[in-house]
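Enquirer: Pasting my_file-v5.cif below, which is mmCIF, C-alpha atoms.
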```
data_model
#
loop_
_atom_site.label_atom_id
_atom_site.label_comp_id
_atom_site.auth_asym_id
_atom_site.auth_seq_id
_atom_site.Cartn_x
_atom_site.Cartn_y
_atom_site.Cartn_z
CA MET A 1 155.57 133.27 105.36
CA GLN A 2 153.78 135.07 108.17
CA SER A 3 151.10 137.70 107.62
CA LYS A 4 152.07 141.33 108.07
CA LEU A 5 148.60 142.21 109.32
CA SER A 6 148.23 143.27 112.95
CA ASP A 7 146.84 140.87 115.53
CA ILE A 8 143.57 142.82 115.63
CA ALA A 9 143.18 142.71 111.82
CA LEU A 10 143.75 138.95 111.88
CA ILE A 11 141.20 138.56 114.69
CA VAL A 12 138.61 140.53 112.69
CA LYS A 13 139.23 138.29 109.67
CA THR A 14 139.00 135.17 111.83
CA LEU A 15 135.70 136.29 113.32
CA ALA A 16 134.41 136.86 109.80
CA GLY A 17 135.07 133.17 109.13
CA ASP A 18 138.59 133.23 107.65
CA GLN A 19 140.35 130.34 109.37
CA SER A 20 143.64 130.99 107.55
CA ALA A 21 143.85 134.30 109.44
CA TYR A 22 143.79 132.37 112.68
CA ALA A 23 146.51 130.05 111.36
CA ASP A 24 148.64 133.19 110.86
CA LEU A 25 147.95 134.24 114.46
CA VAL A 26 149.00 130.79 115.67
CA LYS A 27 152.21 130.94 113.63
CA ARG A 28 153.01 134.35 115.05
CA HIS A 29 152.57 133.40 118.70
CA GLN A 30 153.30 129.66 118.76
CA ARG A 31 156.97 129.90 119.78
CA PHE A 32 156.32 132.03 122.82
CA VAL A 33 153.20 130.13 123.87
CA PHE A 34 155.13 126.87 123.53
CA THR A 35 158.03 128.31 125.57
CA LEU A 36 155.64 129.38 128.33
CA ALA A 37 154.07 125.92 128.34
CA MET A 38 157.57 124.41 128.58
CA ARG A 39 158.21 126.47 131.71
CA PHE A 40 155.42 124.50 133.38
CA THR A 41 155.54 121.04 131.87
CA LYS A 42 159.33 120.74 131.47
CA ASN A 43 158.91 118.37 128.51
CA ARG A 44 158.13 118.98 124.85
CA GLU A 45 155.25 116.52 124.41
CA ASP A 46 153.17 117.91 127.28
CA ALA A 47 154.10 121.47 126.31
CA GLU A 48 152.81 120.92 122.76
CA GLU A 49 149.58 119.53 124.13
CA VAL A 50 149.11 122.49 126.50
CA ALA A 51 150.03 125.02 123.80
CA GLN A 52 147.60 123.47 121.31
CA ASP A 53 144.89 123.45 123.94
CA CYS A 54 145.50 127.16 124.56
CA PHE A 55 145.13 128.09 120.90
CA ILE A 56 141.92 126.07 120.62
CA LYS A 57 140.51 127.74 123.75
CA ALA A 58 141.52 131.14 122.43
CA TYR A 59 139.76 130.41 119.11
CA ARG A 60 136.57 129.44 120.90
CA SER A 61 136.62 132.59 123.04
CA LEU A 62 137.90 134.96 120.37
CA ALA A 63 134.54 136.75 120.15
CA SER A 64 134.81 137.61 123.85
CA PHE A 65 138.20 139.31 123.40
CA LYS A 66 137.37 142.95 124.17
CA GLN A 67 140.58 144.49 122.79
CA GLU A 68 141.11 146.35 126.09
CA SER A 69 144.56 144.77 126.24
CA LYS A 70 147.02 143.38 123.70
CA PHE A 71 146.02 140.05 122.15
CA SER A 72 149.28 138.58 123.43
CA THR A 73 148.44 139.57 127.03
CA TRP A 74 145.01 137.96 126.70
CA LEU A 75 146.53 134.85 125.11
CA TYR A 76 149.24 134.53 127.77
CA SER A 77 146.62 134.67 130.52
CA ILE A 78 144.94 131.67 128.82
CA VAL A 79 148.32 129.92 128.65
CA TYR A 80 149.00 130.60 132.33
CA THR A 81 145.59 129.29 133.45
CA THR A 82 145.70 126.25 131.16
CA ALA A 83 149.25 125.34 132.11
CA MET A 84 148.47 125.71 135.82
CA THR A 85 145.39 123.49 135.46
CA SER A 86 147.42 120.91 133.53
CA LEU A 87 150.08 120.97 136.20
CA ARG A 88 147.52 120.50 138.97
CA LYS A 89 145.99 117.60 137.07
CA LYS A 90 149.34 115.89 136.98
CA ARG A 91 149.68 116.54 140.70
CA VAL A 92 153.08 118.06 140.35
CA ASP A 93 154.00 120.15 143.33
CA THR A 94 153.89 123.79 142.26
CA THR A 95 154.92 125.59 145.40
CA SER A 96 154.54 129.34 145.41
CA ILE A 97 157.40 131.76 144.86
CA ASP A 98 157.72 132.42 148.59
CA ASP A 99 158.74 128.87 149.42
CA GLU A 100 160.77 128.35 146.30
CA ASP A 101 163.74 127.05 148.27
CA THR A 102 161.92 123.77 148.65
CA TYR A 103 161.47 123.44 144.91
CA ILE A 104 163.85 120.83 143.55
CA GLN A 105 161.68 119.31 140.88
CA VAL A 106 164.08 119.20 137.98
CA ALA A 107 167.46 119.79 139.50
CA ASN A 108 170.03 117.59 137.81
CA THR A 109 167.52 116.24 135.33
CA SER A 110 167.70 116.47 131.59
CA SER A 111 166.43 119.77 130.26
CA GLY A 112 166.03 118.54 126.71
CA TYR A 113 169.56 119.46 125.68
CA ASP A 114 172.40 117.14 124.88
CA VAL A 115 174.77 117.71 127.75
CA ASN A 116 177.56 115.92 125.94
CA ASP A 117 177.47 118.35 123.10
CA ALA A 118 180.46 120.60 123.56
CA GLU A 119 178.74 123.47 121.79
CA ASN A 120 175.91 123.37 124.26
CA ARG A 121 178.31 123.80 127.15
CA SER A 122 178.09 127.53 126.85
CA ARG A 123 176.83 130.10 129.27
CA SER A 124 173.58 130.15 127.30
CA PHE A 125 173.18 126.42 127.88
CA TYR A 126 173.65 126.88 131.62
CA LEU A 127 171.18 129.74 131.62
CA ASN A 128 168.52 127.55 130.01
CA GLN A 129 169.36 124.76 132.41
CA ALA A 130 169.02 127.14 135.37
CA ILE A 131 165.66 128.36 134.07
CA THR A 132 164.30 124.82 133.89
CA GLN A 133 165.30 124.42 137.54
CA LEU A 134 163.21 127.39 138.62
CA THR A 135 159.59 127.12 139.73
CA PRO A 136 157.05 127.59 136.92
CA ASP A 137 156.08 130.96 138.44
CA ASP A 138 159.67 132.25 138.48
CA ALA A 139 160.42 130.95 135.00
CA THR A 140 157.16 132.38 133.66
CA ILE A 141 157.76 135.87 135.07
CA ILE A 142 161.29 135.98 133.67
CA THR A 143 160.13 134.69 130.28
CA LEU A 144 157.22 137.13 130.09
CA PHE A 145 159.41 140.08 131.07
CA TYR A 146 162.38 139.35 128.82
CA LYS A 147 160.93 137.51 125.85
CA GLY A 148 157.21 138.32 125.84
CA GLU A 149 157.62 142.08 125.41
CA GLN A 150 155.32 142.52 128.39
CA SER A 151 155.38 145.44 130.82
CA LEU A 152 155.03 144.86 134.56
CA GLU A 153 151.37 145.95 134.29
CA GLU A 154 150.70 143.49 131.46
CA ILE A 155 152.39 140.66 133.34
CA ALA A 156 150.22 141.55 136.34
CA GLN A 157 147.15 141.26 134.13
CA THR A 158 148.30 137.90 132.78
CA LEU A 159 148.99 136.46 136.22
CA GLY A 160 146.05 138.16 137.93
CA ILE A 161 148.15 139.96 140.54
CA GLU A 162 149.24 143.54 141.33
CA ALA A 163 152.01 145.19 139.32
CA ASN A 164 154.00 145.80 142.52
CA SER A 165 153.86 142.09 143.34
CA VAL A 166 155.17 141.33 139.85
CA LYS A 167 158.11 143.66 140.48
CA VAL A 168 158.95 141.90 143.75
CA LYS A 169 158.49 138.45 142.21
CA LEU A 170 160.65 139.39 139.21
CA PHE A 171 163.42 140.56 141.53
CA ARG A 172 163.28 137.32 143.54
CA ALA A 173 163.10 135.19 140.39
CA ARG A 174 166.23 136.86 138.98
CA GLN A 175 168.02 136.38 142.27
CA ARG A 176 167.18 132.69 142.30
CA LEU A 177 168.16 132.33 138.65
CA LYS A 178 171.53 133.88 139.44
CA GLU A 179 172.03 131.50 142.36
CA LYS A 180 171.13 128.46 140.26
CA LEU A 181 173.41 129.60 137.46
CA GLU A 182 176.31 130.07 139.86
CA ARG A 183 175.66 126.71 141.50
CA ASN A 184 175.51 124.90 138.14
CA LEU A 185 178.68 126.56 136.88
CA LYS A 186 180.49 125.82 140.13
CA HIS A 187 179.39 122.19 139.94
CA GLU A 188 180.68 121.99 136.38
CA VAL A 189 184.05 123.48 137.31
CA ASN A 190 184.39 121.00 140.18
CA GLU A 191 183.60 118.14 137.79
CA LEU A 192 186.28 119.28 135.38
CA ILE A 193 188.85 119.50 138.18
CA MET B 1 165.35 148.18 149.41
CA ASN B 2 168.76 146.50 149.17
CA ILE B 3 171.54 147.30 146.71
CA GLU B 4 170.61 144.56 144.24
CA GLU B 5 166.99 145.66 144.17
CA LYS B 6 168.07 149.23 143.48
CA LEU B 7 170.43 148.10 140.75
CA TRP B 8 167.75 146.00 139.05
CA ASP B 9 165.42 149.01 139.08
CA TYR B 10 168.24 151.05 137.59
CA ILE B 11 168.84 148.46 134.86
CA ASP B 12 165.10 148.09 134.12
CA GLY B 13 164.69 151.87 134.09
CA THR B 14 161.96 151.80 136.72
CA CYS B 15 163.73 153.82 139.45
CA SER B 16 163.01 157.47 140.25
CA VAL B 17 165.14 160.34 138.92
CA GLU B 18 166.68 160.89 142.38
CA ASP B 19 167.60 157.22 142.72
CA HIS B 20 169.00 157.23 139.20
CA GLU B 21 171.28 160.15 139.99
CA ALA B 22 172.36 158.61 143.32
CA ILE B 23 173.25 155.32 141.57
CA ASP B 24 175.12 157.17 138.82
CA LEU B 25 177.24 158.79 141.51
CA LEU B 26 177.83 155.51 143.36
CA LEU B 27 178.92 153.81 140.15
CA VAL B 28 181.67 156.38 139.77
CA GLN B 29 182.75 156.44 143.42
CA ASP B 30 182.25 152.88 144.69
CA GLU B 31 184.21 150.13 142.90
CA ALA B 32 182.40 147.25 144.68
CA PHE B 33 179.05 148.78 143.73
CA ARG B 34 180.26 149.13 140.14
CA GLN B 35 181.35 145.47 140.04
CA LYS B 36 177.95 144.37 141.31
CA TYR B 37 176.27 146.51 138.66
CA LEU B 38 178.38 145.02 135.86
CA GLU B 39 177.62 141.52 137.11
CA LEU B 40 173.86 142.13 137.07
CA LEU B 41 174.06 143.91 133.74
CA ALA B 42 175.83 140.90 132.20
CA LEU B 43 173.15 138.58 133.58
CA ASN B 44 170.45 140.90 132.25
CA ARG B 45 171.98 140.80 128.78
CA GLU B 46 172.25 137.04 128.85
CA ILE B 47 168.62 136.57 129.85
CA ALA B 48 167.52 139.03 127.18
CA ALA B 49 169.54 137.14 124.57
CA MET B 50 168.11 133.78 125.62
CA GLU B 51 166.53 131.77 122.78
CA ILE B 52 162.91 130.73 123.05
CA GLU B 53 161.71 127.23 122.28
CA GLU B 54 160.41 126.04 118.91
CA PRO B 55 157.43 123.68 118.69
CA SER B 56 157.25 120.88 116.11
CA MET B 57 156.83 121.73 112.41
CA ALA B 58 153.26 120.41 112.40
CA PHE B 59 152.16 122.56 115.32
CA THR B 60 150.01 125.07 113.40
CA TYR B 61 148.56 122.31 111.23
CA ASN B 62 147.61 120.28 114.32
CA VAL B 63 145.93 123.27 115.96
CA MET B 64 143.91 124.06 112.83
CA GLU B 65 142.98 120.39 112.36
CA ASN B 66 141.69 120.26 115.93
CA ILE B 67 139.66 123.41 115.35
CA ARG B 68 138.21 122.03 112.12
CA ALA B 69 137.33 118.73 113.80
CA ASP B 70 135.72 120.69 116.61
CA TYR B 71 133.52 122.62 114.21
CA ALA B 72 132.64 119.66 111.98
CA LYS B 73 130.53 118.12 114.72
CA PRO B 74 128.65 120.93 116.42
CA PRO B 75 126.77 120.12 119.62
CA LEU B 76 123.05 119.35 119.21
CA LYS B 77 122.10 122.65 120.83
CA ALA B 78 124.00 124.59 118.18
CA ALA B 79 122.86 122.32 115.34
CA ILE B 80 119.16 123.07 115.86
CA ASP B 81 118.13 126.23 114.09
CA GLY B 82 116.34 128.58 116.51
CA ARG B 83 114.06 129.79 113.74
CA ILE B 84 112.54 126.33 113.34
CA ILE B 85 111.71 126.25 117.06
CA LYS B 86 110.12 129.71 116.74
CA ILE B 87 108.03 128.67 113.73
CA ILE B 88 106.74 125.55 115.52
CA GLY B 89 106.03 127.60 118.66
CA GLY B 90 104.24 130.25 116.56
CA PHE B 91 102.09 127.60 114.91
CA PHE B 92 100.90 126.27 118.26
CA VAL B 93 100.26 129.75 119.68
CA PHE B 94 98.28 130.67 116.56
CA THR B 95 96.19 127.47 116.75
CA ILE B 96 95.37 127.96 120.43
CA ALA B 97 94.52 131.64 119.89
CA ALA B 98 92.27 130.81 116.91
CA LEU B 99 90.45 128.14 118.91
CA LEU B 100 89.92 130.54 121.83
CA ILE B 101 88.57 133.28 119.56
CA PHE B 102 86.28 130.80 117.87
CA ILE B 103 84.89 129.66 121.24
CA LEU B 104 84.45 133.23 122.53
CA VAL B 105 82.64 134.31 119.37
CA ASN B 106 80.25 131.39 119.59
CA ILE B 107 79.28 131.92 123.23
CA ASN B 108 75.78 133.31 123.65
CA TRP B 109 76.56 136.18 126.04
CA SER B 110 72.89 137.42 126.14
CA ALA B 111 71.59 134.16 127.50
CA GLY B 112 69.30 134.53 130.52
CA THR B 113 69.58 132.97 133.91
CA THR B 114 67.94 129.80 132.73
CA ILE B 115 70.36 127.02 132.73
CA ALA B 116 70.73 126.14 129.17
CA VAL B 117 73.63 124.32 127.69
CA PRO B 118 75.01 126.64 125.02
CA THR B 119 75.03 125.11 121.68
CA PHE B 120 78.56 124.66 120.45
CA LYS B 121 78.93 124.17 116.81
CA MET B 122 81.96 122.18 115.83
CA PRO B 123 83.47 123.24 112.54
CA GLU B 124 82.79 120.87 109.73
CA ILE B 125 85.93 118.79 109.48
CA LYS B 126 84.71 117.18 106.29
CA ASN B 127 84.58 120.58 104.60
CA LEU B 128 88.12 121.36 105.73
CA LEU B 129 89.35 118.07 104.36
CA SER B 130 87.85 118.67 100.99
CA GLY B 131 89.89 117.67 98.00
CA GLU B 132 91.34 121.14 97.24
CA ILE B 133 92.48 121.93 100.79
CA LEU B 134 93.99 118.49 101.32
CA LYS B 135 95.88 118.71 98.03
CA GLY B 136 97.19 122.15 98.92
CA PHE B 137 98.29 120.95 102.34
CA LEU B 138 100.07 117.92 100.90
CA PHE B 139 101.76 120.06 98.24
CA PHE B 140 103.03 122.44 100.94
CA ASP B 141 104.37 119.45 102.92
CA VAL B 142 106.22 118.06 99.91
CA VAL B 143 107.83 121.45 99.18
CA LEU B 144 108.86 121.81 102.85
CA VAL B 145 110.39 118.31 102.92
CA LEU B 146 112.32 119.01 99.70
CA PHE B 147 113.56 122.32 101.07
CA LEU B 148 114.76 120.73 104.31
CA PHE B 149 116.43 117.89 102.39
CA ASP B 150 118.22 120.40 100.15
CA THR B 151 119.45 122.37 103.19
CA PHE B 152 120.71 119.16 104.78
CA LEU B 153 122.63 118.15 101.65
CA ARG B 154 124.19 121.62 101.31
CA LYS B 155 125.42 121.55 104.92
CA LYS B 156 126.84 118.09 104.39
CA GLY B 157 128.65 119.31 101.28
CA ILE B 158 130.17 122.30 103.13
CA ALA B 159 131.36 120.07 105.98
CA LYS B 160 133.02 117.74 103.46
CA HIS B 161 134.88 120.55 101.70
CA ALA B 162 136.02 122.22 104.95
#
```
Would you put the structure from the file into structure tokens?
Expert:
Amino acid sequence: MQSKLSDIALIVKTLAGDQSAYADLVKRHQRFVFTLAMRFTKNREDAEEVAQDCFIKAYRSLASFKQESKFSTWLYSIVYTTAMTSLRKKRVDTTSIDDEDTYIQVANTSSGYDVNDAENRSRSFYLNQAITQLTPDDATIITLFYKGEQSLEEIAQTLGIEANSVKVKLFRARQRLKEKLERNLKHEVNELI
Amino acid sequence: MNIEEKLWDYIDGTCSVEDHEAIDLLLVQDEAFRQKYLELLALNREIAAMEIEEPSMAFTYNVMENIRADYAKPPLKAAIDGRIIKIIGGFFVFTIAALLIFILVNINWSAGTTIAVPTFKMPEIKNLLSGEILKGFLFFDVVLVLFLFDTFLRKKGIAKHA
């Protein structure tokens, strides 16, 4: 069962030496941090490693958290930096949003779902599949905006860019997601015919 | 700004009041515009309803284990107590200062111009190492060693229980 204390209260308890308070913080944020890591690594094993690394880094730097922003915003900026570093280490091409058209890293590859499972062949399945085909930047912006309860300003803080740029990037990311979704669905219909 | 961009702003609620009213009007008058809006709205709902990933069951445990392992072996810099360094430093500063004062006090400042080697009286080491002083010094050393040993054992015990 997760603690009902606020993030700040849990941080205060952690800084006072209560490690179980930090375990509660981890439980509270682990799903989203793991999802963000997945957007970069595209596989569960690496994502778990990155996500664990992020929580350990956050624990070490917890005393430097100034509470000027939400804990989640601060944590997500650690996730973004760590995941980017991990990606660079693995020398995976992470082209910027502007030249996304060249990004074909995971097209037609397994996204961790059983494609033969009839239940998975839903629109939701195709949406997840399309997201895994996006660049990490696009997938991250969409995930932060829709699932991270982050405003454009908070996303800007996480990514270290201007809020206006986030708005433009979010628009482009949604456009590309729509295109990928349409392409995947069209491909599926053709296969069935 | 193209139509899609305007519609996304409308859906996100980030457009101005004027734009909002203009889009409201277009949605009533323009069927193609309305269709586009419904299409984007459906996509928006789907993304919002998207499930996020779940890490393995042992995720929190693994994180906390890593943190505990990290703190069980602190780096040498952190392991050395700063107070011990200060006490050692203080002892040396005190010794040097005492020696300097002793020398300055024993200098014959009123000596004339005649070159005479000032007589420098060394303190009697034998007196300092008399039975009582030596015993006291050794007793202090034993207490200090026992205290440090006790501190070491306590820390070891805490690390084991953690």
Enquirer: I need the residue nearest chain B from this list: A:Phe34, A:Tyr80, A:Phe71, A:Phe40. Use only C-alpha atoms for the distance.
Expert: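 Going through A:Phe34, A:Tyr80, A:Phe71, A:Phe40 one by one, the smallest distance to chain B is for A:Phe34.
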Enquirer: Could you please select, counting all atoms listed in the file, the residues of chain B within 10 Å of chain A and state them as a PyMOL selection string?
Expert: chain B and resi 4-5+8-9+14+40+43-56+59-64+66-68+70
Enquirer: Counting only C-alpha atoms, select every polymer residue within 8 Å of (78.0, 129.1, 121.9) as defined in the file's coordinates, and provide the selection as an MDAnalysis selection string.
Expert: chainID B and resid 103:108 118:121
Enquirer: For a test of reading the model, state the distance in Å between atom CA of Tyr126 of chain A and atom CA of Glu149 of chain A, rounded to one decimal.
Expert: 22.9 Å
Enquirer: Could you please determine the separation between atom CA of Ala69 of chain B and atom CA of Ala16 of chain A in Å, to one decimal place?
Expert: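 Atom CA of Ala69 of chain B sits 18.8 Å away from atom CA of Ala16 of chain A.
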Enquirer: Choose the residue, out of A:Ser86, A:Ser77, A:His29, A:Arg39, that has the smallest atom-to-atom separation from Ala156 of chain A; count all atoms listed in the file.
Expert: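 Looking at the shortest contact to Ala156 of chain A, the residue is A:Ser77.
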Enquirer: One decimal, in Å: what's the spacing between atom CA of Ile161 of chain A and atom CA of Thr132 of chain A?
Expert: 23.1 Å
Enquirer: Taking (145.4, 136.6, 127.4) in the coordinates of the supplied file, I want to know which residues reach to within 12 Å of it, counting all atoms listed in the file; could you give the answer as a PyMOL selection string?
Expert: chain A and resi 29+33+54-55+57-59+61-62+64-82+150+154-160
Enquirer: Between B:Ser110, B:Asp81, B:Ile11, B:Arg34, which one has atoms that come closest to Phe152 of chain B, using all atoms listed in the file?
Expert: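 Smallest distance to Phe152 of chain B is found for B:Asp81.
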Enquirer: Check the smallest atom-to-atom distance from each of A:Asp46, A:Met84, A:Leu152, A:Ala21 to Gly13 of chain B using all atoms listed in the file, then report the winner.
Expert: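 For Gly13 of chain B, the nearest of the candidates is A:Leu152.
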Enquirer: Identify, on the basis of all atoms listed in the file, every residue whose closest approach to Lys36 of chain B does not exceed 9 Å; exclude the query and any residue fewer than 3 positions from it along the same chain; express the result as a list of chain:residue names.
Expert: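 Residues near the query, excluding close chain neighbours: B:Ile3, B:Glu4, B:Leu7, B:Glu31, B:Ala32, B:Phe33, B:Glu39, B:Leu40, B:Leu41.
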Enquirer: Generate the output file for the selected residues, C-alpha atoms, as a JSON list (two decimals), keeping the file's coordinate frame.
Expert:
```
[["chain", "number", "residue", "atom", "x", "y", "z"],
["B", 3, "ILE", "CA", 171.54, 147.30, 146.71],
["B", 4, "GLU", "CA", 170.61, 144.56, 144.24],
["B", 7, "LEU", "CA", 170.43, 148.10, 140.75],
["B", 31, "GLU", "CA", 184.21, 150.13, 142.90],
["B", 32, "ALA", "CA", 182.40, 147.25, 144.68],
["B", 33, "PHE", "CA", 179.05, 148.78, 143.73],
["B", 39, "GLU", "CA", 177.62, 141.52, 137.11],
["B", 40, "LEU", "CA", 173.86, 142.13, 137.07],
["B", 41, "LEU", "CA", 174.06, 143.91, 133.74]]
```
